[in-house]
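Chemist: Got a structure for you, written out below as structure tokens; questions coming shortly.
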Amino acid sequence: VDRKQLAGLFAEVAHNDTYQKPETALEKQLADIWQPLLKREKISRMDDFFAIGGDSLAATQLLQTLQRQHLIPMSVSLTTLFNAPTLAQFANRIENAWQDLGGNNINQETLFEEGTI
């Protein structure tokens, strides 16, 4: 059994034929990160990370990138991605996690300015 070929066929079948462009700034940022990671030219809001080629290693790389860029709070984990695998769902969970912390998102430009920590 050629597992790579099967994975490619599954990704084609599972890929939503109706492209919905990312709507929010966070969805756009996530799509920009997902594209090279999953080797896709474009990512739809309804694309499922795992159905379009993501695996546990790619998911771990994704979370590391998002943490490094300060796009997610520490409460967002691999479990979050497994439970909300589409771009729109994952972005929504991230936004909710930031709101639970009392903010919308961390502004990278002011992250280390005096008085912000």
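Identifiers in the structure tokens: chain A, B, ... in order shown; residue index from 1 per chain; ligand index from 1 in order shown.
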Tell me which protein, DNA and RNA residues are within 10 Å of Ile33 of chain A, counting only C-alpha atoms, leaving out same-chain ones fewer than 3 positions away, and put them as number ranges by chain.

Modeler: A: 27-30, 36-38, 43, 62, 65-66

Chemist: Keeping all heavy atoms for every residue in the selection just given, could you write it to a file as a PDB file, in the first residue's frame?

Modeler:
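Output saved as selection-v3.pdb:
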```pdb
ATOM      1  N   GLU A  27      -7.418  34.797  11.059  1.00  0.00           N
ATOM      2  CA  GLU A  27      -7.575  33.741  10.053  1.00  0.00           C
ATOM      3  C   GLU A  27      -6.552  33.923   8.933  1.00  0.00           C
ATOM      4  O   GLU A  27      -5.976  32.942   8.452  1.00  0.00           O
ATOM      5  CB  GLU A  27      -8.986  33.731   9.475  1.00  0.00           C
ATOM      6  CG  GLU A  27     -10.037  33.175  10.412  1.00  0.00           C
ATOM      7  CD  GLU A  27     -11.430  33.144   9.806  1.00  0.00           C
ATOM      8  OE1 GLU A  27     -11.583  33.430   8.598  1.00  0.00           O
ATOM      9  OE2 GLU A  27     -12.378  32.841  10.548  1.00  0.00           O
ATOM     10  N   LYS A  28      -6.318  35.149   8.518  1.00  0.00           N
ATOM     11  CA  LYS A  28      -5.325  35.420   7.461  1.00  0.00           C
ATOM     12  C   LYS A  28      -3.931  35.050   7.922  1.00  0.00           C
ATOM     13  O   LYS A  28      -3.152  34.455   7.173  1.00  0.00           O
ATOM     14  CB  LYS A  28      -5.396  36.881   7.038  1.00  0.00           C
ATOM     15  CG  LYS A  28      -6.676  37.218   6.298  1.00  0.00           C
ATOM     16  CD  LYS A  28      -6.803  38.695   6.030  1.00  0.00           C
ATOM     17  CE  LYS A  28      -8.178  38.998   5.441  1.00  0.00           C
ATOM     18  NZ  LYS A  28      -8.471  40.411   5.373  1.00  0.00           N
ATOM     19  N   GLN A  29      -3.591  35.394   9.177  1.00  0.00           N
ATOM     20  CA  GLN A  29      -2.280  35.036   9.711  1.00  0.00           C
ATOM     21  C   GLN A  29      -2.119  33.524   9.777  1.00  0.00           C
ATOM     22  O   GLN A  29      -1.064  32.990   9.419  1.00  0.00           O
ATOM     23  CB  GLN A  29      -2.090  35.638  11.108  1.00  0.00           C
ATOM     24  CG  GLN A  29      -1.881  37.132  11.106  1.00  0.00           C
ATOM     25  CD  GLN A  29      -1.804  37.677  12.521  1.00  0.00           C
ATOM     26  OE1 GLN A  29      -2.677  37.420  13.340  1.00  0.00           O
ATOM     27  NE2 GLN A  29      -0.757  38.422  12.797  1.00  0.00           N
ATOM     28  N   LEU A  30      -3.146  32.846  10.254  1.00  0.00           N
ATOM     29  CA  LEU A  30      -3.084  31.384  10.320  1.00  0.00           C
ATOM     30  C   LEU A  30      -2.935  30.770   8.935  1.00  0.00           C
ATOM     31  O   LEU A  30      -2.137  29.849   8.732  1.00  0.00           O
ATOM     32  CB  LEU A  30      -4.333  30.828  11.010  1.00  0.00           C
ATOM     33  CG  LEU A  30      -4.460  31.072  12.507  1.00  0.00           C
ATOM     34  CD1 LEU A  30      -5.812  30.578  13.009  1.00  0.00           C
ATOM     35  CD2 LEU A  30      -3.331  30.400  13.269  1.00  0.00           C
ATOM     36  N   PRO A  36       2.724  27.226   3.777  1.00  0.00           N
ATOM     37  CA  PRO A  36       3.999  26.530   3.557  1.00  0.00           C
ATOM     38  C   PRO A  36       4.117  25.236   4.373  1.00  0.00           C
ATOM     39  O   PRO A  36       4.723  24.266   3.914  1.00  0.00           O
ATOM     40  CB  PRO A  36       5.054  27.550   3.983  1.00  0.00           C
ATOM     41  CG  PRO A  36       4.340  28.493   4.899  1.00  0.00           C
ATOM     42  CD  PRO A  36       2.915  28.511   4.446  1.00  0.00           C
ATOM     43  N   LEU A  37       3.507  25.225   5.549  1.00  0.00           N
ATOM     44  CA  LEU A  37       3.576  24.044   6.401  1.00  0.00           C
ATOM     45  C   LEU A  37       2.890  22.849   5.750  1.00  0.00           C
ATOM     46  O   LEU A  37       3.389  21.722   5.796  1.00  0.00           O
ATOM     47  CB  LEU A  37       2.935  24.359   7.759  1.00  0.00           C
ATOM     48  CG  LEU A  37       3.036  23.298   8.838  1.00  0.00           C
ATOM     49  CD1 LEU A  37       4.495  23.064   9.222  1.00  0.00           C
ATOM     50  CD2 LEU A  37       2.228  23.714  10.053  1.00  0.00           C
ATOM     51  N   LEU A  38       1.754  23.102   5.091  1.00  0.00           N
ATOM     52  CA  LEU A  38       0.986  22.037   4.457  1.00  0.00           C
ATOM     53  C   LEU A  38       1.202  21.970   2.940  1.00  0.00           C
ATOM     54  O   LEU A  38       0.536  21.193   2.252  1.00  0.00           O
ATOM     55  CB  LEU A  38      -0.511  22.226   4.763  1.00  0.00           C
ATOM     56  CG  LEU A  38      -0.871  22.206   6.249  1.00  0.00           C
ATOM     57  CD1 LEU A  38      -2.335  22.525   6.448  1.00  0.00           C
ATOM     58  CD2 LEU A  38      -0.513  20.872   6.875  1.00  0.00           C
ATOM     59  N   ILE A  43      -5.529  28.457   1.463  1.00  0.00           N
ATOM     60  CA  ILE A  43      -6.232  27.763   2.534  1.00  0.00           C
ATOM     61  C   ILE A  43      -7.604  28.399   2.687  1.00  0.00           C
ATOM     62  O   ILE A  43      -7.727  29.618   2.824  1.00  0.00           O
ATOM     63  CB  ILE A  43      -5.462  27.882   3.874  1.00  0.00           C
ATOM     64  CG1 ILE A  43      -4.036  27.341   3.758  1.00  0.00           C
ATOM     65  CG2 ILE A  43      -6.228  27.221   5.007  1.00  0.00           C
ATOM     66  CD1 ILE A  43      -3.921  25.851   3.609  1.00  0.00           C
ATOM     67  N   LEU A  62       3.248  23.802  13.973  1.00  0.00           N
ATOM     68  CA  LEU A  62       2.320  24.925  13.916  1.00  0.00           C
ATOM     69  C   LEU A  62       2.222  25.614  15.274  1.00  0.00           C
ATOM     70  O   LEU A  62       2.349  26.835  15.371  1.00  0.00           O
ATOM     71  CB  LEU A  62       0.936  24.450  13.463  1.00  0.00           C
ATOM     72  CG  LEU A  62      -0.189  25.478  13.555  1.00  0.00           C
ATOM     73  CD1 LEU A  62       0.042  26.626  12.576  1.00  0.00           C
ATOM     74  CD2 LEU A  62      -1.534  24.829  13.320  1.00  0.00           C
ATOM     75  N   THR A  65       5.342  27.574  16.103  1.00  0.00           N
ATOM     76  CA  THR A  65       5.400  28.817  15.331  1.00  0.00           C
ATOM     77  C   THR A  65       4.456  29.857  15.920  1.00  0.00           C
ATOM     78  O   THR A  65       4.825  31.027  16.082  1.00  0.00           O
ATOM     79  CB  THR A  65       5.041  28.553  13.853  1.00  0.00           C
ATOM     80  OG1 THR A  65       5.978  27.622  13.317  1.00  0.00           O
ATOM     81  CG2 THR A  65       5.058  29.829  13.031  1.00  0.00           C
ATOM     82  N   LEU A  66       3.245  29.451  16.247  1.00  0.00           N
ATOM     83  CA  LEU A  66       2.268  30.385  16.806  1.00  0.00           C
ATOM     84  C   LEU A  66       2.708  30.918  18.165  1.00  0.00           C
ATOM     85  O   LEU A  66       2.513  32.101  18.468  1.00  0.00           O
ATOM     86  CB  LEU A  66       0.901  29.709  16.917  1.00  0.00           C
ATOM     87  CG  LEU A  66       0.250  29.314  15.590  1.00  0.00           C
ATOM     88  CD1 LEU A  66      -1.023  28.521  15.839  1.00  0.00           C
ATOM     89  CD2 LEU A  66      -0.028  30.536  14.731  1.00  0.00           C
TER      90      LEU A  66
END
```

Chemist: Once DSSP has gone over the backbone, tell me which residues of segment 18-106 of chain A are in alpha helix (DSSP H), as a PyMOL selection string.

Modeler: chain A and resi 25-38+56-68+78-83+87-100

Chemist: Find, counting only C-alpha atoms, the residue in A:Arg45, A:Ser56, A:Thr79, A:Arg3 that gets nearest to Leu26 of chain A.

Modeler: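 Nearest to Leu26 of chain A: A:Arg45.
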
Chemist: Which residues, written as a ChimeraX atom specification, have at least one atom at most 6 Å from Ser44 of chain A, with only C-alpha atoms counted and residues fewer than 6 positions away on the same chain left out?

Modeler: /A:19-21

Chemist: With N, CA, C and O atoms retained, write the just-selected residues as a CSV table (one decimal), in the first residue's frame.

Modeler:
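Contents of the output file part-v1.csv:
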```csv
chain,number,residue,atom,x,y,z
A,19,TYR,N,-14.1,27.4,-2.1
A,19,TYR,CA,-13.1,28.2,-1.4
A,19,TYR,C,-13.8,29.3,-0.7
A,19,TYR,O,-14.5,30.1,-1.3
A,20,GLN,N,-13.5,29.5,0.6
A,20,GLN,CA,-13.9,30.6,1.4
A,20,GLN,C,-12.6,31.3,1.9
A,20,GLN,O,-11.9,30.7,2.8
A,21,LYS,N,-12.4,32.5,1.5
A,21,LYS,CA,-11.1,33.1,1.9
A,21,LYS,C,-11.2,33.5,3.4
A,21,LYS,O,-12.3,33.7,4.0
```

Chemist: Considering only C-alpha atoms, can you say which of A:Asp2, A:Arg40, A:Thr18, A:Met46 comes closest to Gln89 of chain A?

Modeler: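 With only C-alpha atoms as the atom set, the closest residue is A:Met46.
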
Chemist: Can you pull out every residue within 10 Å of Ile72 of chain A, counting only C-alpha atoms, but drop anything in the same chain fewer than 6 positions away, and send it as a PyMOL selection string?

Modeler: chain A and resi 63-66+91+93-95+97-98+105-106

Chemist: Which of these residues is nearest to Asp32 of chain A, using only C-alpha atoms: A:Thr80, A:Met74, A:Gln67, A:Leu87?

Modeler: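 Of A:Thr80, A:Met74, A:Gln67, A:Leu87, the one nearest Asp32 of chain A, counting only C-alpha atoms, is A:Leu87.
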
Chemist: Which residue out of A:Phe90, A:Leu101, A:Pro85, A:Asn96 has the minimum interatomic distance to Asp55 of chain A when only C-alpha atoms are used?

Modeler: A:Pro85
